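Chemist: Pasting a structure below so you can have a look.
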Amino acid sequence: MAIRVFLIVLLFLSFTNLTYSLYEDQVGLMDWHQKYIGKVKHAVFHTQKTGRKRVLVSTEENVVASLDLRHGEIFWRHVLGTNDVIDGLDIALGKYVITLSSDGSILRAWNLPDGQMVWESSLPGSKASKSILYIPKNLKADKDDLILVYGKGSLNAVSGVDGEVLWKKDFSGESIEVSHIIQSSDVIYVTGFVDSSKISVYGLNAKNGELLENNHAALPFGTFGELLSVSGDMFVVLDEMRSKIVIVHLRNGEISYNQKHISDLTKDLAGQAVILPSRLPGMFALNINSYVLLIKVTNQGELVLVDKVNNGAAVSDSLSISEDEHAFAFVHYGDNKIHLSVKNVNDWNHDLLKESIVIDHQKGKIDKIFVNNYVRTDRSHGFRALMVMEDHSLLLVQQGEIVWSREDGLASVVDVTTSELPVQKEGVSVAKVEQNLFEWLKGHMLKLKGTLMIASPDDLAAIQALRLRSSEKSKMTRDHNGFRKLLIVLTRAGKVFALHTGDGRVVWSILLPSLHKSEACENPVGLHIYQWQVPHHHALDENPSVLVVGQCGPSLSTPAVLSFIDAYTGMELKSLSPAHTAAQVIPLPHTDSTEQRLHLIIDDKQHAYLYPRTPEAIDILKHEFSNVYWYSVDADNGVIRGHALKSNCIQEAVDEYCFDFRDLWSVVFPSESEKIIATMTRKSNEVVHTQAKVMTDYDVMYKYISKNLLFVANAAPKAAGEIGTVIPEEAWLVIYILDTVTGRILHRMTHHGCQGPVHAVFSENWVVYHYFNLRAHRYEMSVVEIYDQSRADNKDVWRFVLGKHNLTSPVSSYSRPEVIAKSQSYFFTHSVKAIEVTSTAKGITSKQLLIGTIGDQVLALDKRFLDPRRTVNPSQAEKEDGIIPLTDSLPIIPQSYITHALKVEGLRGIVTVPAKLESTSLVFAYGVDLFFTQIAPSRTYDSLTEDFSYALLLLTIVALVAAIFVTWVLSERKDLQDKWR
């Protein structure tokens, strides 16, 4: 009996766990996860005969990783902090991967095979300076191999075994900008500039850091850039006008120099020159006007032009292939191909390798190249090249072919929008029906074997494969439930990808030609992506399109570039390069007859430009001229302003699509007590199902619903920094909710002893925000709900019956609202990177907060836990209404992580998209990794599960019909027998 009770309890517990978790074979059916590393900055090959061949890389996303050279897969990786920028990468002792980060203040050693951290050293300093990582070859101190690190104005000699700092030399008082560290026997030479015109060389004892010599030489002119070493005692640098090359000699402790005009090397080139940072013995590369000049430096210091390459050339560092031979690779474009050449530094006329590779033009030009050699079966030297492309992708080229490629540009997503897929056309072939019938029978046979637990491992794998295929999640047409969509993402490189929500594959990608093929656009940057045209009435004959806003540099003062892309094909329909900037883009809630959405683009000169530039758009805007409002936030000066259109621009050239605007209001926060650290507003496309909210006492309260509400979080100026930099008495957090049409402050609240960072989400009439409580030494989350008291008289039922209620009367922001706010605060365990809320088609389904935690996972938290009506002892009516008893902390249920055991490394943002099925919301989380899933906050109350057995349902119906017929026959027979009696 006891065993039976135990089994019943165990069965009950197992069913309760299923409410929060997935079956093992459901993983991958509704979600996908993709791992990336980002744009590679440094790469070191490790191709010894023993062990796996790999390449160690560090990236702009602060990732250090080990990649398989055969397939490009990730052996291991570590994502460092946002501010922990990697400055150098190398291999020490043949078994440790050494990384230098945080401006030369943190040195780490990772185990080469598995990536476990062996040791970490902190190298403090007092001066910001360039960071240099240098591992001397065949140089040993008394203890073990040295690792030389320059950073924060100091040179540190660190043990390669345990990370102990053996000695330190402080250069912060010398005002020197160190460019190079050079090894010569047991002496270490440190070279650099003082005030860009005075060269300094320090000689240090490798064993104890003792200063052996100190030499200086003043140049009669200034220099541009840093010294580049071309040999052990020779450097090159450009003069301040960037028209001359200066050769610096260091011989016998003396410093000498000579210079040569660039025009003496090549007559037909003029412009601003830049020395490329490639390290080549006896050579260097010079970039001028898209040309790369390869220049050889003789032993006497003379310069000889070896080659001149056009069309986006890239040059690698040198590679030692024997004791006296060094090879390097360079690539250039021509005839729609990439031409790769590997040459011997000492024998320019002989090519060690010359290949032409066809590469997808959507990857752009080659940004960096790293080369490695191997020995062929005929004992000759072969070469492989690792190429970093303009779109941040990574390629390995060997023997004239692309061995593998990685789309690591997806590690730097900056904005996301969505697009519907095409409508499925009518007509299905007979062969397809027969095939589906066979697959249907086969699938149910396999499921039956699985149910009876007689399925083999191959059968289980086949069942999983059939489940994936039967879900039809990867079809390129719309589905009835709205699960299949296109995620259109914009990356920092200015490339647009369309990802299928079914399996995450890249449907199409485009490197924006308007950004990257313009010579005037030197540093293209993608900013934002918007839905431009979403055809509804013409869904079968017109494709949707998106608007991509970019600019030609990181500064907001650079000109904007607008690109219009077909959402189905990825083709650029047209592009515009206006003369104005794009400081702010405002999508208007209006469309023209072709269903193009109107947009206002605000420049940095207080002008607003209308797009599309059509007469119809002008007519629509003039009709709604007095109803166009927007706001701007000046966080540096603590000012928020409201704006409205005024009139056409007064300029020399008449532009009817340009408008001046006026300031309607401004809120100026006192700079001595408050600093703006966060703002948040509602989504413009959010759907609210009902304005009324029935309370537990059957009273009715009305949500204050307005798209013009703005949440503002201000912190004390001293508390605007990192956590722990101030005491609780000096910290406070002030939150505001204001109307952006009138500037009226609707709610204000102060949290004493609290500070940021603040992450917030605004939905319907409530806002939830996360911050840190210094007094409690814990994170907190607070909720504020706003209700409209002006509609309190609508509670009378007879008013509804007689039609005297004012629910349908227009709501104006200029009428002073009678609002009340309910708020509550709770402790929360984790730090937060992002907060989002689920969105559904009709807004009926209950809300869940999606919280991106510091552990790079996404937690789904029911909004009921953040209800300000929660009390310690709720009444029976409150319990029936779903009010949860009040606790001081928010619960974290491990099964509520929608990312399961996965991590979205470097998590930066969460996007939610409603499906057509009201119960389901689509969630996309991005960072260094990408993750997509479907969630149902109120369970799938409006649909059957994907593994529902329709065959069993059909058999049940047939059995019931047969049972009815049999019982009817038996009943008739019994009635007949009763009558004969």
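Here's how to read the names in the structure tokens: chain A, B, ... by the order shown, residue numbers from 1 in each chain, ligand numbers from 1 in the order shown.
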In range 608-645 of chain A, what's strand (DSSP E or B) per DSSP? Answer as a PyMOL selection string?
Modeler: chain A and resi 608-611+629-634+639-645
Chemist: Could you pull the residues within 7 Å of range 841-855 of chain A, counting only C-alpha atoms, minus those fewer than 6 positions along the same chain, as a PDB file with all heavy atoms, in the first residue's frame?
Modeler:
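In the end it all went to part13.pdb:
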```
ATOM      1  N   VAL A 687      -1.403  46.489 -28.665  1.00  0.00           N
ATOM      2  CA  VAL A 687      -2.857  46.340 -28.662  1.00  0.00           C
ATOM      3  C   VAL A 687      -3.330  46.191 -27.220  1.00  0.00           C
ATOM      4  O   VAL A 687      -2.801  45.372 -26.468  1.00  0.00           O
ATOM      5  CB  VAL A 687      -3.282  45.113 -29.493  1.00  0.00           C
ATOM      6  CG1 VAL A 687      -4.789  44.936 -29.434  1.00  0.00           C
ATOM      7  CG2 VAL A 687      -2.818  45.263 -30.933  1.00  0.00           C
ATOM      8  N   VAL A 688      -4.340  46.984 -26.840  1.00  0.00           N
ATOM      9  CA  VAL A 688      -4.945  46.903 -25.511  1.00  0.00           C
ATOM     10  C   VAL A 688      -6.352  46.346 -25.675  1.00  0.00           C
ATOM     11  O   VAL A 688      -7.167  46.916 -26.416  1.00  0.00           O
ATOM     12  CB  VAL A 688      -4.983  48.279 -24.825  1.00  0.00           C
ATOM     13  CG1 VAL A 688      -5.630  48.165 -23.442  1.00  0.00           C
ATOM     14  CG2 VAL A 688      -3.569  48.846 -24.708  1.00  0.00           C
ATOM     15  N   HIS A 689      -6.627  45.238 -25.017  1.00  0.00           N
ATOM     16  CA  HIS A 689      -7.912  44.568 -25.214  1.00  0.00           C
ATOM     17  C   HIS A 689      -9.055  45.346 -24.583  1.00  0.00           C
ATOM     18  O   HIS A 689     -10.107  45.548 -25.205  1.00  0.00           O
ATOM     19  CB  HIS A 689      -7.846  43.159 -24.624  1.00  0.00           C
ATOM     20  CG  HIS A 689      -9.165  42.435 -24.657  1.00  0.00           C
ATOM     21  ND1 HIS A 689      -9.823  42.145 -25.832  1.00  0.00           N
ATOM     22  CD2 HIS A 689      -9.960  41.963 -23.651  1.00  0.00           C
ATOM     23  CE1 HIS A 689     -10.945  41.511 -25.570  1.00  0.00           C
ATOM     24  NE2 HIS A 689     -11.056  41.397 -24.252  1.00  0.00           N
ATOM     25  N   HIS A 830      18.570  39.007  -9.256  1.00  0.00           N
ATOM     26  CA  HIS A 830      19.565  39.148 -10.313  1.00  0.00           C
ATOM     27  C   HIS A 830      19.728  40.588 -10.777  1.00  0.00           C
ATOM     28  O   HIS A 830      18.802  41.404 -10.700  1.00  0.00           O
ATOM     29  CB  HIS A 830      19.176  38.302 -11.528  1.00  0.00           C
ATOM     30  CG  HIS A 830      19.249  36.830 -11.278  1.00  0.00           C
ATOM     31  ND1 HIS A 830      20.399  36.198 -10.883  1.00  0.00           N
ATOM     32  CD2 HIS A 830      18.300  35.860 -11.369  1.00  0.00           C
ATOM     33  CE1 HIS A 830      20.163  34.901 -10.750  1.00  0.00           C
ATOM     34  NE2 HIS A 830      18.901  34.675 -11.026  1.00  0.00           N
ATOM     35  N   SER A 831      20.910  40.836 -11.311  1.00  0.00           N
ATOM     36  CA  SER A 831      21.110  42.026 -12.127  1.00  0.00           C
ATOM     37  C   SER A 831      20.457  41.782 -13.480  1.00  0.00           C
ATOM     38  O   SER A 831      20.276  40.647 -13.903  1.00  0.00           O
ATOM     39  CB  SER A 831      22.605  42.309 -12.305  1.00  0.00           C
ATOM     40  OG  SER A 831      22.802  43.395 -13.174  1.00  0.00           O
ATOM     41  N   VAL A 832      20.094  42.860 -14.163  1.00  0.00           N
ATOM     42  CA  VAL A 832      19.295  42.751 -15.376  1.00  0.00           C
ATOM     43  C   VAL A 832      19.994  43.458 -16.532  1.00  0.00           C
ATOM     44  O   VAL A 832      20.590  44.523 -16.351  1.00  0.00           O
ATOM     45  CB  VAL A 832      17.882  43.346 -15.142  1.00  0.00           C
ATOM     46  CG1 VAL A 832      17.144  43.563 -16.453  1.00  0.00           C
ATOM     47  CG2 VAL A 832      17.077  42.442 -14.237  1.00  0.00           C
ATOM     48  N   LYS A 833      19.944  42.847 -17.700  1.00  0.00           N
ATOM     49  CA  LYS A 833      20.486  43.454 -18.913  1.00  0.00           C
ATOM     50  C   LYS A 833      19.404  44.043 -19.805  1.00  0.00           C
ATOM     51  O   LYS A 833      19.654  44.997 -20.533  1.00  0.00           O
ATOM     52  CB  LYS A 833      21.281  42.406 -19.708  1.00  0.00           C
ATOM     53  CG  LYS A 833      22.600  42.006 -19.081  1.00  0.00           C
ATOM     54  CD  LYS A 833      23.378  41.105 -20.017  1.00  0.00           C
ATOM     55  CE  LYS A 833      24.772  40.828 -19.489  1.00  0.00           C
ATOM     56  NZ  LYS A 833      25.561  39.987 -20.425  1.00  0.00           N
ATOM     57  N   ALA A 834      18.220  43.452 -19.802  1.00  0.00           N
ATOM     58  CA  ALA A 834      17.123  43.935 -20.639  1.00  0.00           C
ATOM     59  C   ALA A 834      15.809  43.425 -20.073  1.00  0.00           C
ATOM     60  O   ALA A 834      15.761  42.383 -19.417  1.00  0.00           O
ATOM     61  CB  ALA A 834      17.289  43.457 -22.088  1.00  0.00           C
ATOM     62  N   ILE A 835      14.736  44.192 -20.303  1.00  0.00           N
ATOM     63  CA  ILE A 835      13.387  43.791 -19.894  1.00  0.00           C
ATOM     64  C   ILE A 835      12.453  44.025 -21.076  1.00  0.00           C
ATOM     65  O   ILE A 835      12.518  45.059 -21.735  1.00  0.00           O
ATOM     66  CB  ILE A 835      12.888  44.579 -18.666  1.00  0.00           C
ATOM     67  CG1 ILE A 835      13.849  44.452 -17.485  1.00  0.00           C
ATOM     68  CG2 ILE A 835      11.511  44.082 -18.242  1.00  0.00           C
ATOM     69  CD1 ILE A 835      13.393  45.213 -16.267  1.00  0.00           C
ATOM     70  N   LEU A 861       8.582  35.987 -16.162  1.00  0.00           N
ATOM     71  CA  LEU A 861       7.990  36.261 -14.854  1.00  0.00           C
ATOM     72  C   LEU A 861       6.569  36.763 -15.059  1.00  0.00           C
ATOM     73  O   LEU A 861       6.340  37.739 -15.781  1.00  0.00           O
ATOM     74  CB  LEU A 861       8.815  37.310 -14.102  1.00  0.00           C
ATOM     75  CG  LEU A 861       8.365  37.676 -12.689  1.00  0.00           C
ATOM     76  CD1 LEU A 861       8.480  36.486 -11.762  1.00  0.00           C
ATOM     77  CD2 LEU A 861       9.156  38.852 -12.158  1.00  0.00           C
ATOM     78  N   ASP A 862       5.613  36.081 -14.440  1.00  0.00           N
ATOM     79  CA  ASP A 862       4.210  36.459 -14.584  1.00  0.00           C
ATOM     80  C   ASP A 862       3.992  37.862 -14.030  1.00  0.00           C
ATOM     81  O   ASP A 862       4.481  38.205 -12.949  1.00  0.00           O
ATOM     82  CB  ASP A 862       3.324  35.455 -13.832  1.00  0.00           C
ATOM     83  CG  ASP A 862       1.867  35.519 -14.280  1.00  0.00           C
ATOM     84  OD1 ASP A 862       1.351  36.632 -14.457  1.00  0.00           O
ATOM     85  OD2 ASP A 862       1.265  34.454 -14.476  1.00  0.00           O
ATOM     86  N   LYS A 863       3.228  38.673 -14.763  1.00  0.00           N
ATOM     87  CA  LYS A 863       2.959  40.051 -14.325  1.00  0.00           C
ATOM     88  C   LYS A 863       2.183  40.076 -13.013  1.00  0.00           C
ATOM     89  O   LYS A 863       2.243  41.066 -12.262  1.00  0.00           O
ATOM     90  CB  LYS A 863       2.164  40.768 -15.437  1.00  0.00           C
ATOM     91  CG  LYS A 863       1.587  42.123 -15.073  1.00  0.00           C
ATOM     92  CD  LYS A 863       2.658  43.137 -14.706  1.00  0.00           C
ATOM     93  CE  LYS A 863       2.054  44.508 -14.478  1.00  0.00           C
ATOM     94  NZ  LYS A 863       1.085  44.571 -13.388  1.00  0.00           N
ATOM     95  N   PRO A 914       3.801  39.458 -31.788  1.00  0.00           N
ATOM     96  CA  PRO A 914       2.572  38.665 -31.632  1.00  0.00           C
ATOM     97  C   PRO A 914       2.370  37.720 -32.802  1.00  0.00           C
ATOM     98  O   PRO A 914       2.668  38.051 -33.955  1.00  0.00           O
ATOM     99  CB  PRO A 914       1.476  39.726 -31.576  1.00  0.00           C
ATOM    100  CG  PRO A 914       2.045  40.896 -32.307  1.00  0.00           C
ATOM    101  CD  PRO A 914       3.520  40.878 -32.047  1.00  0.00           C
ATOM    102  N   ALA A 915       1.894  36.523 -32.518  1.00  0.00           N
ATOM    103  CA  ALA A 915       1.465  35.594 -33.558  1.00  0.00           C
ATOM    104  C   ALA A 915      -0.022  35.812 -33.822  1.00  0.00           C
ATOM    105  O   ALA A 915      -0.701  36.551 -33.103  1.00  0.00           O
ATOM    106  CB  ALA A 915       1.744  34.154 -33.127  1.00  0.00           C
ATOM    107  N   LYS A 916      -0.534  35.186 -34.872  1.00  0.00           N
ATOM    108  CA  LYS A 916      -1.969  35.289 -35.142  1.00  0.00           C
ATOM    109  C   LYS A 916      -2.765  34.545 -34.080  1.00  0.00           C
ATOM    110  O   LYS A 916      -3.898  34.912 -33.780  1.00  0.00           O
ATOM    111  CB  LYS A 916      -2.285  34.724 -36.526  1.00  0.00           C
ATOM    112  CG  LYS A 916      -1.755  35.573 -37.665  1.00  0.00           C
ATOM    113  CD  LYS A 916      -2.135  34.977 -39.011  1.00  0.00           C
ATOM    114  CE  LYS A 916      -1.580  35.804 -40.158  1.00  0.00           C
ATOM    115  NZ  LYS A 916      -1.920  35.206 -41.482  1.00  0.00           N
ATOM    116  N   GLU A 918      -3.834  33.943 -30.571  1.00  0.00           N
ATOM    117  CA  GLU A 918      -3.845  34.888 -29.455  1.00  0.00           C
ATOM    118  C   GLU A 918      -3.025  34.401 -28.266  1.00  0.00           C
ATOM    119  O   GLU A 918      -2.436  35.196 -27.541  1.00  0.00           O
ATOM    120  CB  GLU A 918      -5.291  35.152 -29.036  1.00  0.00           C
ATOM    121  CG  GLU A 918      -5.458  35.934 -27.747  1.00  0.00           C
ATOM    122  CD  GLU A 918      -4.788  37.293 -27.784  1.00  0.00           C
ATOM    123  OE1 GLU A 918      -4.626  37.852 -28.886  1.00  0.00           O
ATOM    124  OE2 GLU A 918      -4.405  37.783 -26.707  1.00  0.00           O
ATOM    125  N   SER A 919      -2.931  33.116 -28.066  1.00  0.00           N
ATOM    126  CA  SER A 919      -2.258  32.604 -26.866  1.00  0.00           C
ATOM    127  C   SER A 919      -0.745  32.677 -26.957  1.00  0.00           C
ATOM    128  O   SER A 919      -0.070  32.556 -25.936  1.00  0.00           O
ATOM    129  CB  SER A 919      -2.661  31.145 -26.624  1.00  0.00           C
ATOM    130  OG  SER A 919      -2.200  30.327 -27.694  1.00  0.00           O
ATOM    131  N   PRO A 937       1.916  32.561 -22.429  1.00  0.00           N
ATOM    132  CA  PRO A 937       1.792  32.950 -21.004  1.00  0.00           C
ATOM    133  C   PRO A 937       0.583  32.353 -20.310  1.00  0.00           C
ATOM    134  O   PRO A 937       0.630  32.079 -19.112  1.00  0.00           O
ATOM    135  CB  PRO A 937       1.695  34.479 -21.078  1.00  0.00           C
ATOM    136  CG  PRO A 937       2.338  34.844 -22.381  1.00  0.00           C
ATOM    137  CD  PRO A 937       2.027  33.717 -23.309  1.00  0.00           C
ATOM    138  N   SER A 938      -0.509  32.144 -21.029  1.00  0.00           N
ATOM    139  CA  SER A 938      -1.717  31.561 -20.437  1.00  0.00           C
ATOM    140  C   SER A 938      -1.982  30.169 -20.973  1.00  0.00           C
ATOM    141  O   SER A 938      -3.133  29.734 -21.051  1.00  0.00           O
ATOM    142  CB  SER A 938      -2.925  32.464 -20.722  1.00  0.00           C
ATOM    143  OG  SER A 938      -2.730  33.747 -20.184  1.00  0.00           O
TER     144      SER A 938
END
```
Chemist: For range 327-341 of chain A, find every residue with an atom within 8 Å (counting only C-alpha atoms), except residues of its own chain fewer than 4 positions away, and show them as a list in words.
Modeler: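 Listing them by chain and then by number gives Leu280, Val309, Asn310, Asn311, Gly312, Ala313, Ala314, Val315, Ser316, Asp317, Ser318, Leu319, Ser320, Ile321, Val345, Asp351, Leu352, Leu353, Lys354, Glu355, Ser356, Ile357, Val358, Ile359, Ile366, Ile369, Phe370 and Val371 of chain A.
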Chemist: Find the residues near Ile735 in chain A: any atom within 9 Å, counting only C-alpha atoms, skip ones fewer than 6 places away on the same chain, and give them as a list in words.
Modeler: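 Listing them by chain and then by number gives Phe711, Val712, Ala713, Asn714, Ala715, His747, Arg748, Met749, Thr750 and His751 of chain A.
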Chemist: Find the spatial neighbours of range 635-646 of chain A, counting only C-alpha atoms, within a cut-off of 9 Å - ignore same-chain residues fewer than 5 positions away - and output them as a tab-separated table (two decimals) with N, CA and C atoms, in the first residue's frame.
Modeler:
```tsv
chain	number	residue	atom	x	y	z
A	608	ALA	N	12.71	69.09	-39.95
A	608	ALA	CA	12.04	67.80	-40.09
A	608	ALA	C	11.77	67.54	-41.57
A	625	PHE	N	-1.57	67.92	-39.80
A	625	PHE	CA	-0.46	68.80	-39.40
A	625	PHE	C	-0.51	69.16	-37.92
A	626	SER	N	-1.69	69.45	-37.41
A	626	SER	CA	-1.81	69.90	-36.02
A	626	SER	C	-1.78	68.75	-35.02
A	627	ASN	N	-1.74	67.50	-35.51
A	627	ASN	CA	-1.76	66.34	-34.60
A	627	ASN	C	-0.43	65.61	-34.54
A	628	VAL	N	0.62	66.20	-35.08
A	628	VAL	CA	1.94	65.57	-35.09
A	628	VAL	C	2.76	66.15	-33.95
A	629	TYR	N	3.10	65.30	-32.98
A	629	TYR	CA	3.89	65.71	-31.83
A	629	TYR	C	5.02	64.69	-31.63
A	630	TRP	N	6.10	65.14	-31.10
A	630	TRP	CA	7.18	64.24	-30.69
A	630	TRP	C	8.02	64.93	-29.63
A	659	PHE	N	10.37	70.87	-43.10
A	659	PHE	CA	9.55	71.67	-42.20
A	659	PHE	C	10.39	72.13	-41.00
A	660	ASP	N	10.11	73.35	-40.61
A	660	ASP	CA	10.62	73.82	-39.32
A	660	ASP	C	9.64	73.39	-38.24
A	661	PHE	N	10.14	73.28	-37.03
A	661	PHE	CA	9.24	72.92	-35.93
A	661	PHE	C	9.51	73.82	-34.75
A	662	ARG	N	8.52	73.87	-33.88
A	662	ARG	CA	8.60	74.75	-32.71
A	662	ARG	C	8.61	73.91	-31.44
A	663	ASP	N	9.16	74.48	-30.38
A	663	ASP	CA	9.16	73.83	-29.07
A	663	ASP	C	7.87	74.17	-28.35
A	664	LEU	N	7.14	73.15	-27.94
A	664	LEU	CA	5.89	73.36	-27.22
A	664	LEU	C	6.11	73.50	-25.73
A	665	TRP	N	7.00	72.70	-25.19
A	665	TRP	CA	7.23	72.70	-23.75
A	665	TRP	C	8.63	72.15	-23.49
A	666	SER	N	9.09	72.33	-22.31
A	666	SER	CA	10.37	71.76	-21.89
A	666	SER	C	10.34	71.51	-20.40
A	667	VAL	N	10.92	70.42	-20.00
A	667	VAL	CA	11.08	70.08	-18.59
A	667	VAL	C	12.57	70.07	-18.29
A	668	VAL	N	13.00	70.95	-17.43
A	668	VAL	CA	14.42	71.07	-17.09
A	668	VAL	C	14.62	70.54	-15.68
A	669	PHE	N	15.38	69.49	-15.57
A	669	PHE	CA	15.65	68.90	-14.27
A	669	PHE	C	16.86	69.59	-13.64
A	670	PRO	N	16.84	69.83	-12.34
A	670	PRO	CA	17.98	70.51	-11.68
A	670	PRO	C	19.25	69.69	-11.77
A	671	SER	N	20.27	70.22	-12.41
A	671	SER	CA	21.50	69.47	-12.65
A	671	SER	C	22.24	69.15	-11.36
A	674	GLU	N	19.70	66.00	-10.02
A	674	GLU	CA	19.16	64.91	-10.83
A	674	GLU	C	19.88	64.85	-12.18
A	675	LYS	N	20.06	63.63	-12.65
A	675	LYS	CA	20.65	63.38	-13.97
A	675	LYS	C	19.86	62.28	-14.66
A	676	ILE	N	19.44	62.52	-15.91
A	676	ILE	CA	18.66	61.55	-16.65
A	676	ILE	C	19.52	60.33	-16.98
A	677	ILE	N	19.05	59.14	-16.57
A	677	ILE	CA	19.81	57.92	-16.86
A	677	ILE	C	19.01	56.91	-17.68
A	678	ALA	N	17.67	57.09	-17.79
A	678	ALA	CA	16.88	56.13	-18.57
A	678	ALA	C	15.55	56.75	-18.93
A	740	THR	N	3.88	63.53	-23.23
A	740	THR	CA	4.80	64.15	-24.19
A	740	THR	C	4.12	65.17	-25.09
A	741	VAL	N	2.78	65.32	-25.00
A	741	VAL	CA	2.10	66.36	-25.78
A	741	VAL	C	2.09	67.68	-25.04
A	742	THR	N	1.84	67.62	-23.74
A	742	THR	CA	1.75	68.84	-22.94
A	742	THR	C	2.94	69.04	-22.02
A	743	GLY	N	3.73	68.00	-21.76
A	743	GLY	CA	4.83	68.11	-20.81
A	743	GLY	C	4.37	68.01	-19.38
```
Chemist: Show me, as a compact mmCIF listing (two decimals) with C-alpha atoms, in the first residue's frame, the residues that have an atom within 6 Å of Lys703 in chain A when counting only C-alpha atoms, minus same-chain residues fewer than 6 positions from it.
Modeler:
```txt
# COMPACT_ATOMS: atom_id res chain seq x y z
CA GLN A 691 -9.68 49.73 -20.78
CA ASN A 765 -1.05 51.69 -18.18
CA TYR A 787 -5.78 54.75 -13.61
CA ASP A 788 -8.17 57.35 -15.00
```
Chemist: Can you work out which one of A:Thr266, A:Thr679, A:Thr933, A:Thr899 has the shortest atom-to-atom distance to Asp307 in chain A, counting only C-alpha atoms?
Modeler: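 Of all the options, A:Thr266 lies closest to Asp307 in chain A.
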